[in-house]
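What follows is the content of start-v6.txt, which has compact mmCIF, C-alpha atoms and all ligand atoms:
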# COMPACT_ATOMS: atom_id res chain seq x y z
CA MET B 1 174.89 -33.20 -35.08
CA ALA B 2 173.52 -32.73 -31.55
CA ALA B 3 175.67 -34.32 -28.81
CA ILE B 4 174.22 -37.46 -27.29
CA ASP B 5 174.10 -38.29 -23.58
CA TYR B 6 175.84 -41.67 -23.97
CA ASP B 7 175.77 -42.67 -20.30
CA GLY B 8 172.22 -41.36 -19.86
CA PHE B 9 170.78 -43.54 -22.65
CA MET B 10 172.76 -46.57 -21.48
CA LYS B 11 171.48 -46.07 -17.92
CA LYS B 12 167.89 -45.77 -19.16
CA LEU B 13 168.26 -49.11 -20.95
CA HIS B 14 170.05 -50.93 -18.17
CA ASP B 15 167.69 -49.64 -15.46
CA ALA B 16 164.54 -50.55 -17.40
CA LYS B 17 163.08 -53.45 -15.42
CA ASP B 18 160.13 -53.77 -17.82
CA CYS B 19 162.38 -54.09 -20.89
CA HIS B 20 163.12 -57.49 -22.48
CA SER B 21 164.52 -56.28 -25.81
CA LEU B 22 167.48 -57.64 -27.69
CA ALA B 23 169.15 -54.29 -27.02
CA LYS B 24 168.87 -54.92 -23.27
CA LYS B 25 170.13 -58.49 -23.72
CA PHE B 26 173.19 -57.68 -25.82
CA VAL B 27 174.15 -54.07 -25.02
CA THR B 28 175.41 -55.09 -21.63
CA PRO B 29 177.11 -52.58 -19.28
CA GLU B 30 180.43 -54.15 -20.39
CA ALA B 31 179.60 -53.61 -24.09
CA ALA B 32 178.47 -50.03 -23.36
CA LYS B 33 181.82 -49.35 -21.67
CA LYS B 34 183.86 -51.04 -24.38
CA PHE B 35 182.27 -49.03 -27.23
CA LYS B 36 181.94 -45.69 -25.44
CA ASP B 37 184.63 -43.95 -27.51
CA LYS B 38 183.94 -45.77 -30.75
CA LYS B 39 182.25 -43.85 -33.58
CA THR B 40 181.27 -44.53 -37.18
CA LYS B 41 182.74 -42.18 -39.81
CA LEU B 42 179.46 -40.26 -39.74
CA GLY B 43 179.79 -39.76 -35.97
CA GLY B 44 177.35 -42.44 -34.77
CA THR B 45 177.76 -44.09 -31.38
CA LEU B 46 176.21 -47.16 -29.81
CA ALA B 47 173.98 -44.79 -27.80
CA HIS B 48 172.48 -43.44 -31.06
CA CYS B 49 171.61 -47.03 -31.96
CA ILE B 50 169.77 -47.76 -28.71
CA LYS B 51 168.08 -44.35 -28.45
CA PRO B 52 164.59 -45.61 -29.48
CA GLY B 53 164.93 -48.79 -27.42
CA ALA B 54 166.03 -46.91 -24.29
CA GLN B 55 162.86 -44.82 -24.48
CA PHE B 56 160.30 -47.43 -25.56
CA HIS B 57 160.76 -50.54 -23.47
CA HIS B 58 158.18 -52.74 -25.17
CA LEU B 59 160.17 -52.95 -28.42
CA HIS B 60 161.36 -56.46 -29.27
CA ILE B 61 164.62 -55.44 -30.92
CA GLY B 62 165.24 -51.98 -29.42
CA ILE B 63 168.51 -51.40 -31.29
CA TYR B 64 168.74 -49.89 -34.78
CA ALA B 65 171.70 -48.98 -36.95
CA CYS B 66 172.45 -45.26 -36.74
CA ASP B 67 174.01 -45.53 -40.21
CA PRO B 68 175.00 -48.41 -42.52
CA GLU B 69 178.52 -48.57 -41.08
CA ALA B 70 177.17 -49.23 -37.55
CA TYR B 71 176.74 -52.90 -38.53
CA VAL B 72 180.53 -53.09 -38.92
CA THR B 73 181.72 -50.69 -36.21
CA PHE B 74 179.49 -52.30 -33.58
CA ALA B 75 179.50 -55.76 -35.17
CA GLU B 76 180.17 -57.44 -31.85
CA VAL B 77 176.76 -56.28 -30.61
CA PHE B 78 174.80 -56.24 -33.90
CA ASP B 79 175.91 -59.75 -34.90
CA LYS B 80 174.34 -61.12 -31.70
CA VAL B 81 171.12 -59.20 -32.33
CA VAL B 82 170.98 -60.31 -35.98
CA ALA B 83 171.71 -63.96 -35.15
CA ASP B 84 169.08 -63.98 -32.40
CA TYR B 85 166.36 -62.26 -34.47
CA HIS B 86 166.98 -64.20 -37.70
CA GLY B 87 167.52 -67.54 -35.96
CA VAL B 88 171.12 -68.10 -37.09
CA PRO B 89 172.40 -71.13 -35.13
CA SER B 90 175.21 -70.24 -32.71
CA ASN B 91 177.63 -72.66 -34.44
CA GLN B 92 177.12 -70.99 -37.84
CA PRO B 93 178.42 -67.70 -39.18
CA ILE B 94 175.94 -65.07 -40.37
CA SER B 95 175.80 -65.17 -44.15
CA HIS B 96 173.56 -64.00 -46.94
CA PRO B 97 173.58 -64.97 -50.64
CA ALA B 98 174.09 -62.49 -53.47
CA PRO B 99 170.80 -60.98 -54.72
CA ASN B 100 168.91 -63.48 -56.88
CA PHE B 101 165.51 -62.45 -58.19
CA GLY B 102 165.12 -65.66 -60.21
CA ASP B 103 164.13 -66.06 -63.86
CA LEU B 104 161.28 -63.58 -64.28
CA ASN B 105 160.06 -65.45 -67.38
CA ASN B 106 159.85 -68.70 -65.52
CA LEU B 107 158.77 -68.03 -61.96
CA PRO B 108 157.84 -70.95 -59.67
CA PHE B 109 154.59 -69.18 -58.68
CA ASN B 110 151.78 -67.37 -60.44
CA ASP B 111 148.32 -66.43 -59.16
CA LEU B 112 147.95 -67.75 -55.59
CA ASP B 113 144.15 -67.66 -55.81
CA PRO B 114 142.92 -68.09 -59.40
CA GLU B 115 139.30 -68.33 -58.15
CA GLY B 116 139.62 -64.83 -56.63
CA LYS B 117 137.87 -66.01 -53.49
CA TYR B 118 140.48 -65.73 -50.78
CA VAL B 119 143.26 -63.29 -51.62
CA ILE B 120 142.09 -59.70 -51.49
CA SER B 121 145.38 -58.06 -52.39
CA THR B 122 149.06 -58.81 -52.83
CA ARG B 123 152.01 -56.58 -51.96
CA VAL B 124 155.79 -56.98 -52.09
CA ARG B 125 158.13 -54.37 -50.65
CA VAL B 126 161.85 -53.93 -50.17
CA GLY B 127 163.82 -51.32 -48.23
CA ARG B 128 166.97 -49.65 -49.53
CA SER B 129 169.44 -47.16 -48.07
CA VAL B 130 171.35 -44.61 -50.10
CA ASP B 131 175.04 -45.35 -49.65
CA GLY B 132 176.80 -42.86 -47.38
CA ILE B 133 173.66 -41.30 -45.86
CA PRO B 134 172.85 -42.02 -42.19
CA PHE B 135 169.63 -43.38 -40.72
CA PRO B 136 167.03 -41.58 -38.53
CA PRO B 137 169.10 -41.17 -35.34
CA LEU B 138 171.79 -39.22 -37.23
CA ILE B 139 170.28 -37.93 -40.44
CA ASN B 140 169.94 -34.15 -40.60
CA LEU B 141 167.48 -32.11 -42.62
CA GLN B 142 169.99 -31.37 -45.39
CA GLN B 143 170.70 -35.11 -45.77
CA VAL B 144 166.96 -35.92 -45.71
CA LYS B 145 166.42 -33.44 -48.54
CA ASP B 146 169.47 -34.63 -50.49
CA CYS B 147 168.25 -38.20 -50.20
CA GLU B 148 164.74 -37.20 -51.34
CA GLN B 149 166.11 -35.28 -54.31
CA ARG B 150 168.36 -38.16 -55.49
CA LEU B 151 165.64 -40.77 -55.14
CA VAL B 152 162.87 -38.70 -56.69
CA SER B 153 165.13 -37.86 -59.67
CA ALA B 154 165.57 -41.59 -60.26
CA LEU B 155 161.84 -42.30 -59.83
CA LYS B 156 160.94 -39.60 -62.33
CA THR B 157 162.82 -41.45 -65.08
CA PHE B 158 160.29 -44.32 -65.16
CA GLN B 159 158.45 -44.82 -68.44
CA GLY B 160 155.20 -46.58 -69.28
CA ASP B 161 153.22 -48.32 -66.54
CA LEU B 162 155.67 -47.41 -63.81
CA SER B 163 155.80 -43.70 -64.55
CA GLY B 164 154.09 -41.52 -61.99
CA GLN B 165 154.39 -38.53 -59.72
CA TYR B 166 155.94 -37.63 -56.39
CA TYR B 167 153.70 -36.24 -53.66
CA SER B 168 155.45 -34.51 -50.80
CA LEU B 169 154.00 -35.20 -47.34
CA GLU B 170 154.66 -31.60 -46.38
CA GLY B 171 151.61 -29.67 -47.40
CA MET B 172 149.57 -32.73 -48.41
CA ASP B 173 145.97 -32.03 -47.39
CA GLU B 174 144.60 -34.15 -44.55
CA ALA B 175 141.83 -35.77 -46.62
CA THR B 176 144.25 -36.95 -49.35
CA LYS B 177 146.73 -38.19 -46.77
CA ASN B 178 144.14 -40.07 -44.72
CA LYS B 179 142.66 -41.68 -47.83
CA LEU B 180 146.13 -42.87 -48.92
CA ILE B 181 146.73 -44.33 -45.45
CA ASP B 182 143.28 -45.97 -45.23
CA ASP B 183 143.77 -47.50 -48.67
CA HIS B 184 147.06 -49.06 -47.45
CA PHE B 185 149.21 -46.95 -49.80
CA LEU B 186 150.97 -44.55 -47.42
CA PHE B 187 152.96 -44.86 -44.20
CA GLY B 188 151.60 -43.44 -40.95
CA ASP B 189 151.75 -39.75 -40.17
CA PRO B 190 152.76 -38.72 -37.47
CA PRO B 191 155.78 -41.06 -37.52
CA ASN B 192 155.80 -44.28 -35.51
CA LYS B 193 157.30 -44.54 -32.02
CA ILE B 194 160.63 -45.91 -33.22
CA LEU B 195 161.19 -42.94 -35.47
CA VAL B 196 160.05 -40.55 -32.77
CA GLY B 197 162.46 -42.22 -30.35
CA ALA B 198 165.23 -41.92 -32.95
CA GLY B 199 164.57 -38.19 -33.10
CA VAL B 200 162.96 -37.53 -36.49
CA GLU B 201 160.14 -35.34 -35.12
CA PRO B 202 161.57 -31.83 -35.44
CA ASP B 203 162.05 -32.22 -39.22
CA TRP B 204 159.06 -34.43 -40.00
CA PRO B 205 157.31 -34.22 -42.54
CA LYS B 206 159.99 -32.29 -44.45
CA GLY B 207 161.69 -34.40 -47.12
CA ARG B 208 159.14 -37.20 -46.74
CA GLY B 209 156.68 -38.30 -49.38
CA ILE B 210 155.29 -40.91 -51.70
CA PHE B 211 155.75 -41.61 -55.39
CA HIS B 212 153.13 -43.63 -57.21
CA ASN B 213 152.04 -44.50 -60.72
CA ASN B 214 148.51 -43.71 -61.92
CA SER B 215 147.02 -47.04 -60.93
CA LYS B 216 148.87 -47.07 -57.56
CA THR B 217 150.36 -50.47 -58.32
CA PHE B 218 153.90 -49.16 -57.99
CA LEU B 219 154.78 -46.95 -55.03
CA ALA B 220 157.86 -45.66 -53.27
CA TRP B 221 157.96 -44.27 -49.74
CA ILE B 222 160.66 -41.66 -49.28
CA ASN B 223 162.43 -41.12 -45.95
CA GLU B 224 160.04 -42.90 -43.65
CA GLU B 225 161.93 -45.59 -41.69
CA ASP B 226 164.27 -46.40 -44.57
CA HIS B 227 165.50 -43.94 -47.20
CA ILE B 228 163.27 -45.70 -49.68
CA ARG B 229 160.70 -48.46 -49.56
CA ILE B 230 159.96 -49.77 -53.05
CA ILE B 231 156.50 -51.31 -53.22
CA SER B 232 154.46 -53.18 -55.80
CA MET B 233 150.86 -54.07 -55.03
CA GLN B 234 147.54 -54.86 -56.65
CA MET B 235 144.16 -56.36 -55.92
CA GLY B 236 143.87 -60.16 -56.17
CA GLY B 237 146.48 -62.87 -55.80
CA ASN B 238 148.70 -62.56 -58.85
CA LEU B 239 152.03 -62.65 -57.04
CA ALA B 240 154.00 -63.13 -60.28
CA GLU B 241 152.73 -59.83 -61.73
CA VAL B 242 153.40 -57.96 -58.49
CA TYR B 243 156.89 -59.42 -58.13
CA LYS B 244 157.94 -58.80 -61.75
CA ARG B 245 156.87 -55.16 -61.45
CA LEU B 246 158.87 -54.78 -58.24
CA VAL B 247 162.04 -56.35 -59.65
CA THR B 248 161.84 -54.21 -62.80
CA ALA B 249 161.54 -51.10 -60.61
CA ILE B 250 164.43 -52.06 -58.30
CA GLN B 251 166.74 -52.78 -61.21
CA HIS B 252 165.86 -49.46 -62.87
CA ILE B 253 166.49 -47.40 -59.71
CA GLU B 254 169.76 -49.24 -59.04
CA LYS B 255 171.10 -48.00 -62.38
CA THR B 256 171.43 -44.49 -60.95
CA VAL B 257 171.44 -44.81 -57.14
CA LYS B 258 174.02 -46.80 -55.19
CA PHE B 259 172.47 -48.60 -52.24
CA ALA B 260 174.28 -49.72 -49.08
CA HIS B 261 175.04 -53.44 -49.26
CA ASP B 262 177.20 -55.79 -47.25
CA PRO B 263 178.38 -59.19 -48.54
CA ARG B 264 177.52 -60.84 -45.20
CA LEU B 265 174.29 -59.02 -44.29
CA GLY B 266 172.78 -58.18 -47.69
CA TYR B 267 171.05 -54.81 -48.14
CA LEU B 268 171.55 -52.62 -45.08
CA THR B 269 168.50 -51.13 -43.40
CA PHE B 270 167.76 -49.06 -40.28
CA CYS B 271 166.11 -52.01 -38.50
CA PRO B 272 168.11 -55.26 -38.23
CA SER B 273 164.89 -57.24 -38.85
CA ASN B 274 164.92 -56.17 -42.50
CA LEU B 275 168.53 -57.05 -43.37
CA GLY B 276 169.24 -59.47 -46.20
CA THR B 277 166.64 -59.35 -48.94
CA THR B 278 164.68 -56.64 -47.02
CA CYS B 279 161.76 -58.23 -48.75
CA ARG B 280 158.27 -58.63 -47.26
CA ALA B 281 155.84 -60.30 -49.65
CA SER B 282 152.32 -60.32 -48.25
CA VAL B 283 148.75 -61.13 -49.09
CA HIS B 284 145.63 -59.91 -47.40
CA VAL B 285 143.85 -63.24 -47.28
CA LYS B 286 140.41 -64.17 -45.99
CA ILE B 287 140.76 -67.39 -44.02
CA PRO B 288 138.15 -67.29 -41.22
CA LYS B 289 138.00 -71.09 -40.76
CA VAL B 290 141.76 -71.73 -40.60
CA SER B 291 142.35 -68.72 -38.40
CA ALA B 292 139.74 -70.00 -35.93
CA LEU B 293 141.79 -73.19 -35.38
CA LYS B 294 143.45 -73.40 -31.99
CA ASN B 295 146.87 -74.06 -33.53
CA PHE B 296 146.56 -71.43 -36.31
CA LYS B 297 149.64 -69.47 -35.21
CA GLY B 298 151.67 -72.70 -35.01
CA ILE B 299 150.61 -73.72 -38.54
CA VAL B 300 151.60 -70.32 -39.89
CA GLU B 301 154.96 -70.51 -38.17
CA CYS B 302 155.65 -74.03 -39.50
CA LEU B 303 155.05 -72.73 -43.02
CA GLY B 304 157.73 -70.07 -42.50
CA LEU B 305 155.11 -67.31 -42.60
CA GLN B 306 154.40 -64.25 -40.47
CA LEU B 307 151.01 -62.86 -39.43
CA ARG B 308 149.92 -59.26 -39.07
CA GLY B 309 146.56 -57.57 -38.72
CA THR B 310 144.69 -56.03 -41.62
CA ALA B 311 146.10 -52.52 -41.22
CA GLY B 312 149.73 -53.59 -40.79
CA GLU B 313 152.10 -54.37 -37.95
CA HIS B 314 150.62 -54.20 -34.42
CA THR B 315 147.01 -54.13 -35.70
CA GLU B 316 144.21 -56.68 -35.38
CA SER B 317 142.71 -58.94 -38.02
CA VAL B 318 139.29 -57.77 -39.19
CA GLY B 319 136.65 -60.22 -40.47
CA GLY B 320 138.99 -63.21 -40.80
CA VAL B 321 141.33 -61.23 -43.10
CA TRP B 322 145.01 -61.55 -42.24
CA ASP B 323 148.22 -60.06 -43.58
CA VAL B 324 150.31 -63.18 -44.25
CA SER B 325 153.91 -62.74 -45.41
CA ASN B 326 157.30 -64.43 -45.59
CA LYS B 327 159.15 -64.39 -42.30
CA ARG B 328 162.70 -65.00 -43.45
CA ARG B 329 164.72 -62.23 -44.97
CA LEU B 330 168.34 -63.08 -44.12
CA GLY B 331 170.19 -66.11 -45.49
CA TYR B 332 167.69 -66.63 -48.33
CA SER B 333 167.61 -65.19 -51.83
CA GLU B 334 164.67 -63.07 -52.94
CA ILE B 335 163.32 -65.82 -55.18
CA ASP B 336 163.55 -68.41 -52.38
CA ALA B 337 161.79 -66.12 -49.89
CA LEU B 338 158.98 -65.47 -52.38
CA THR B 339 158.63 -69.14 -53.26
CA GLU B 340 158.37 -70.11 -49.60
CA MET B 341 155.68 -67.47 -49.08
CA ALA B 342 153.75 -68.56 -52.20
CA ASN B 343 153.77 -72.22 -51.18
CA GLY B 344 152.71 -71.41 -47.63
CA VAL B 345 149.82 -69.17 -48.71
CA LYS B 346 148.60 -71.80 -51.20
CA LEU B 347 148.57 -74.38 -48.40
CA LEU B 348 146.60 -72.08 -46.08
CA ILE B 349 144.01 -71.59 -48.83
CA LEU B 350 143.79 -75.37 -49.40
CA LEU B 351 143.26 -75.85 -45.69
CA GLU B 352 140.55 -73.16 -45.63
CA LYS B 353 138.77 -74.95 -48.51
CA SER B 354 138.95 -78.27 -46.70
CA LEU B 355 137.18 -76.74 -43.69
CA GLU B 356 134.34 -75.12 -45.65
N1 LIG B 401 148.97 -57.63 -49.14
C1 LIG B 401 148.61 -56.39 -48.80
N2 LIG B 401 147.56 -55.81 -49.42
C2 LIG B 401 147.18 -54.54 -49.11
N3 LIG B 401 147.81 -53.77 -48.20
C3 LIG B 401 148.87 -54.31 -47.57
C4 LIG B 401 149.31 -55.64 -47.82
N4 LIG B 401 150.38 -55.89 -47.02
C5 LIG B 401 150.58 -54.77 -46.30
N5 LIG B 401 149.66 -53.83 -46.61
C6 LIG B 401 149.53 -52.48 -46.05
O1 LIG B 401 150.76 -51.78 -46.15
C7 LIG B 401 150.85 -50.83 -45.08
C8 LIG B 401 152.16 -51.00 -44.35
O2 LIG B 401 152.15 -52.21 -43.65
P1 LIG B 401 153.23 -52.61 -42.55
O3 LIG B 401 153.75 -51.38 -41.88
O4 LIG B 401 152.71 -53.73 -41.73
O5 LIG B 401 154.37 -53.30 -43.38
P2 LIG B 401 155.66 -52.88 -44.17
O6 LIG B 401 155.37 -51.79 -45.15
O7 LIG B 401 156.10 -54.17 -44.74
O8 LIG B 401 156.67 -52.28 -43.14
P3 LIG B 401 157.24 -52.67 -41.70
O9 LIG B 401 157.52 -54.14 -41.70
O10 LIG B 401 158.45 -51.82 -41.57
O11 LIG B 401 156.15 -52.30 -40.72
C9 LIG B 401 149.62 -51.08 -44.20
O12 LIG B 401 148.62 -50.18 -44.57
C10 LIG B 401 149.22 -52.49 -44.58
O13 LIG B 401 147.87 -52.78 -44.34
What does the file become when written as structure tokens?
Ligand SMILES: Nc1ncnc2c1ncn2[C@@H]1O[C@H](COP(=O)(O)OP(=O)(O)OP(=O)(O)O)[C@@H](O)[C@H]1O
Amino acid sequence: MAAIDYDGFMKKLHDAKDCHSLAKKFVTPEAAKKFKDKKTKLGGTLAHCIKPGAQFHHLHIGIYACDPEAYVTFAEVFDKVVADYHGVPSNQPISHPAPNFGDLNNLPFNDLDPEGKYVISTRVRVGRSVDGIPFPPLINLQQVKDCEQRLVSALKTFQGDLSGQYYSLEGMDEATKNKLIDDHFLFGDPPNKILVGAGVEPDWPKGRGIFHNNSKTFLAWINEEDHIRIISMQMGGNLAEVYKRLVTAIQHIEKTVKFAHDPRLGYLTFCPSNLGTTCRASVHVKIPKVSALKNFKGIVECLGLQLRGTAGEHTESVGGVWDVSNKRRLGYSEIDALTEMANGVKLLILLEKSLE
């Protein structure tokens, strides 16, 4: 592992006048001094965690776990970041329930748009980290490849509808790659700024890739931001079908791969925003009338939902189509997060109808 300039990265963060990140707020000069000699078992320091945030000042969080253990070793800092981001009241401890995917034969939601008029597509994803393997700031090429091999072996054991093939990003032709990205199936290449800041560039795209079934309704991203993103998606609004497929896939993979999990924080991920269920359930929904309302963003927030543009985070909405998803991931079970999202999306559609 390359040595890190601990004081240099801390100085960059502390000197950044244009930076308002949670890293800047909570990795104070005192905290930097206190943790200077502290390391995780895999050799991670607090400087590894703030590396992306020290370089890209616009980031809201700006601090990422260098490995799963960082959440414990640097708990004094991470707990403040997690509580702030996930809205845990200061008089309450951070807590997360045991995984609960609900009764798949009796889900409290079904098709969010039976008329097929509003919801273009539905997607649910979770992130998982292979226990004992570090995250982007620390992971080396051998670990990237080991991770890929273990995950792809598990993915190749799927039968029936979920069975598919793994496509390595290395050597994928540009046309195939761009089509997969444009069709919303594949992560961005080159890697995003956070990953670049964390230092993944020299090895990228080695050990990265995508697994998908024939119909591209079940996908897995390997070694992008998280070791694995497990994704279920399809056209239309049948959230129940998408969710059942996802849960079946997670439970199958978990039979052979142990994922990093913490009783207080749930599933452990590179970015603190994904802790807990790690679940983002979204629809691409066409709501031009509601989204033209002055208080649209307030309505969405009140429903516990999050908005993104049509091509993902940090993009714009096109033609009144929005990516609407659950906002909460920590402190709620999977089934509760999905139910909140389903109810919120149904209300937005009702509102759109009332304005037509
Ligand atoms: N409901 C949906 N239907 C079709 N495509 C979707 C849907 N939701 C998200 N996508 C697509 O998935 C891709 C990834 O989106 P995005 O990066 O915003 O979210 P994510 O995978 O949840 O990860 P992260 O939150 O880490 O950014 C994008 O191409 C986006 O348009």
**Item:** Top pick for closest residue to ligand LIG 401 (chain B), considering B:Leu338, B:Ile181, B:Ile349, B:Ile94 and counting all atoms listed in the file
**Value:** B:Ile181
Would you list the residues that come within 8 Å of ligand LIG 401 (chain B)? Count all atoms listed in the file and give the answer as a compact mmCIF listing (two decimals) with C-alpha atoms, keeping the file's coordinate frame.
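And here is the file that came out, pocket29.txt:
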# COMPACT_ATOMS: atom_id res chain seq x y z
CA ILE B 120 142.09 -59.70 -51.49
CA SER B 121 145.38 -58.06 -52.39
CA THR B 122 149.06 -58.81 -52.83
CA ARG B 123 152.01 -56.58 -51.96
CA VAL B 124 155.79 -56.98 -52.09
CA ARG B 125 158.13 -54.37 -50.65
CA VAL B 126 161.85 -53.93 -50.17
CA ILE B 181 146.73 -44.33 -45.45
CA ASP B 182 143.28 -45.97 -45.23
CA ASP B 183 143.77 -47.50 -48.67
CA HIS B 184 147.06 -49.06 -47.45
CA PHE B 185 149.21 -46.95 -49.80
CA LEU B 186 150.97 -44.55 -47.42
CA PHE B 187 152.96 -44.86 -44.20
CA GLU B 225 161.93 -45.59 -41.69
CA ARG B 229 160.70 -48.46 -49.56
CA MET B 233 150.86 -54.07 -55.03
CA GLN B 234 147.54 -54.86 -56.65
CA MET B 235 144.16 -56.36 -55.92
CA ASN B 274 164.92 -56.17 -42.50
CA ARG B 280 158.27 -58.63 -47.26
CA ALA B 281 155.84 -60.30 -49.65
CA SER B 282 152.32 -60.32 -48.25
CA VAL B 283 148.75 -61.13 -49.09
CA HIS B 284 145.63 -59.91 -47.40
CA VAL B 285 143.85 -63.24 -47.28
CA ARG B 308 149.92 -59.26 -39.07
CA GLY B 309 146.56 -57.57 -38.72
CA THR B 310 144.69 -56.03 -41.62
CA ALA B 311 146.10 -52.52 -41.22
CA GLY B 312 149.73 -53.59 -40.79
CA GLU B 313 152.10 -54.37 -37.95
CA HIS B 314 150.62 -54.20 -34.42
CA ASP B 323 148.22 -60.06 -43.58
CA VAL B 324 150.31 -63.18 -44.25
CA SER B 325 153.91 -62.74 -45.41
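Of the residues listed (B:His57, B:Arg150, B:Lys51, B:His252), B:His57 shows the shortest atom-to-atom separation from Asp15 of chain B; distances use only C-alpha atoms.
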Neighbours of point (177.6, -65.5, -35.8) within 9 Å, using only C-alpha atoms, written as a PDB file with C-alpha atoms, in the coordinates of the input:
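In the end it all went to selection-v6.pdb:
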ATOM      1  CA  ASP B  79     175.910 -59.750 -34.900  1.00  0.00           C
ATOM      2  CA  LYS B  80     174.340 -61.120 -31.700  1.00  0.00           C
ATOM      3  CA  VAL B  82     170.980 -60.310 -35.980  1.00  0.00           C
ATOM      4  CA  ALA B  83     171.710 -63.960 -35.150  1.00  0.00           C
ATOM      5  CA  VAL B  88     171.120 -68.100 -37.090  1.00  0.00           C
ATOM      6  CA  PRO B  89     172.400 -71.130 -35.130  1.00  0.00           C
ATOM      7  CA  SER B  90     175.210 -70.240 -32.710  1.00  0.00           C
ATOM      8  CA  ASN B  91     177.630 -72.660 -34.440  1.00  0.00           C
ATOM      9  CA  GLN B  92     177.120 -70.990 -37.840  1.00  0.00           C
ATOM     10  CA  PRO B  93     178.420 -67.700 -39.180  1.00  0.00           C
ATOM     11  CA  ILE B  94     175.940 -65.070 -40.370  1.00  0.00           C
ATOM     12  CA  SER B  95     175.800 -65.170 -44.150  1.00  0.00           C
TER      13      SER B  95
END
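With all atoms listed in the file as the atoms that count, the minimum distance from Gly43 of chain B to the choices B:Phe296, B:Ile133, B:Gln55, B:Leu239 is reached by B:Ile133.
Interatomic distance, atom CA of Val200 of chain B against atom CA of Leu265 of chain B: 25.5 Å.
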Please return, as a short mmCIF file (atom, residue, chain, number, x, y, z; two decimals) with C-alpha atoms, in the frame of the given file, all polymer residues that have at least one atom within 12 Å of the point (136.1, -62.2, -55.1); use only C-alpha atoms and the file's own coordinate frame.
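As written to disk, selection.cif reads:
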data_model
loop_
_atom_site.label_atom_id
_atom_site.label_comp_id
_atom_site.auth_asym_id
_atom_site.auth_seq_id
_atom_site.Cartn_x
_atom_site.Cartn_y
_atom_site.Cartn_z
CA ASP B 113 144.15 -67.66 -55.81
CA PRO B 114 142.92 -68.09 -59.40
CA GLU B 115 139.30 -68.33 -58.15
CA GLY B 116 139.62 -64.83 -56.63
CA LYS B 117 137.87 -66.01 -53.49
CA TYR B 118 140.48 -65.73 -50.78
CA VAL B 119 143.26 -63.29 -51.62
CA ILE B 120 142.09 -59.70 -51.49
CA SER B 121 145.38 -58.06 -52.39
CA MET B 235 144.16 -56.36 -55.92
CA GLY B 236 143.87 -60.16 -56.17
CA GLY B 237 146.48 -62.87 -55.80
CA VAL B 285 143.85 -63.24 -47.28
CA LYS B 286 140.41 -64.17 -45.99
#
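Distances here use only C-alpha atoms; by that measure, the residue among B:Ile335, B:Leu293, B:Met341, B:Cys66 closest to Val247 of chain B is B:Ile335.
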Per residue of segment 97-166 of chain B within 10 Å of segment 202-217 of chain B, what are the shortest atom pair and its distance in Å to one decimal, counting all atoms listed in the file, with rows by chain and residue number, as a tab-separated table?
residue	atom	partner	partner_atom	distance
B:Arg123	CA	B:Thr217	CA	9.0
B:Asn140	CA	B:Asp203	CA	8.2
B:Leu141	CA	B:Asp203	CA	6.4
B:Gln142	CA	B:Gly207	CA	9.0
B:Gln143	CA	B:Gly207	CA	9.1
B:Val144	CA	B:Gly207	CA	5.7
B:Lys145	CA	B:Gly207	CA	5.0
B:Asp146	CA	B:Gly207	CA	8.5
B:Cys147	CA	B:Gly207	CA	8.2
B:Glu148	CA	B:Gly207	CA	5.9
B:Gln149	CA	B:Gly207	CA	8.5
B:Leu151	CA	B:Phe211	CA	9.9
B:Val152	CA	B:Phe211	CA	7.8
B:Leu155	CA	B:Phe211	CA	7.6
B:Lys156	CA	B:Phe211	CA	8.9
B:Phe158	CA	B:Asn213	CA	9.4
B:Gly160	CA	B:Asn213	CA	9.4
B:Asp161	CA	B:Asn213	CA	7.1
B:Leu162	CA	B:Asn213	CA	5.6
B:Ser163	CA	B:Asn213	CA	5.4
B:Gly164	CA	B:Asn213	CA	3.8
B:Gln165	CA	B:Phe211	CA	5.5
B:Tyr166	CA	B:Phe211	CA	4.1
Those same residues, written as an mmCIF file, in the coordinates of the input with C-alpha atoms?
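Contents of part07.cif, as written:
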data_model
loop_
_atom_site.group_PDB
_atom_site.id
_atom_site.type_symbol
_atom_site.label_atom_id
_atom_site.label_comp_id
_atom_site.auth_asym_id
_atom_site.auth_seq_id
_atom_site.Cartn_x
_atom_site.Cartn_y
_atom_site.Cartn_z
ATOM 1 C CA ARG B 123 152.010 -56.580 -51.960
ATOM 2 C CA ASN B 140 169.940 -34.150 -40.600
ATOM 3 C CA LEU B 141 167.480 -32.110 -42.620
ATOM 4 C CA GLN B 142 169.990 -31.370 -45.390
ATOM 5 C CA GLN B 143 170.700 -35.110 -45.770
ATOM 6 C CA VAL B 144 166.960 -35.920 -45.710
ATOM 7 C CA LYS B 145 166.420 -33.440 -48.540
ATOM 8 C CA ASP B 146 169.470 -34.630 -50.490
ATOM 9 C CA CYS B 147 168.250 -38.200 -50.200
ATOM 10 C CA GLU B 148 164.740 -37.200 -51.340
ATOM 11 C CA GLN B 149 166.110 -35.280 -54.310
ATOM 12 C CA LEU B 151 165.640 -40.770 -55.140
ATOM 13 C CA VAL B 152 162.870 -38.700 -56.690
ATOM 14 C CA LEU B 155 161.840 -42.300 -59.830
ATOM 15 C CA LYS B 156 160.940 -39.600 -62.330
ATOM 16 C CA PHE B 158 160.290 -44.320 -65.160
ATOM 17 C CA GLY B 160 155.200 -46.580 -69.280
ATOM 18 C CA ASP B 161 153.220 -48.320 -66.540
ATOM 19 C CA LEU B 162 155.670 -47.410 -63.810
ATOM 20 C CA SER B 163 155.800 -43.700 -64.550
ATOM 21 C CA GLY B 164 154.090 -41.520 -61.990
ATOM 22 C CA GLN B 165 154.390 -38.530 -59.720
ATOM 23 C CA TYR B 166 155.940 -37.630 -56.390
#
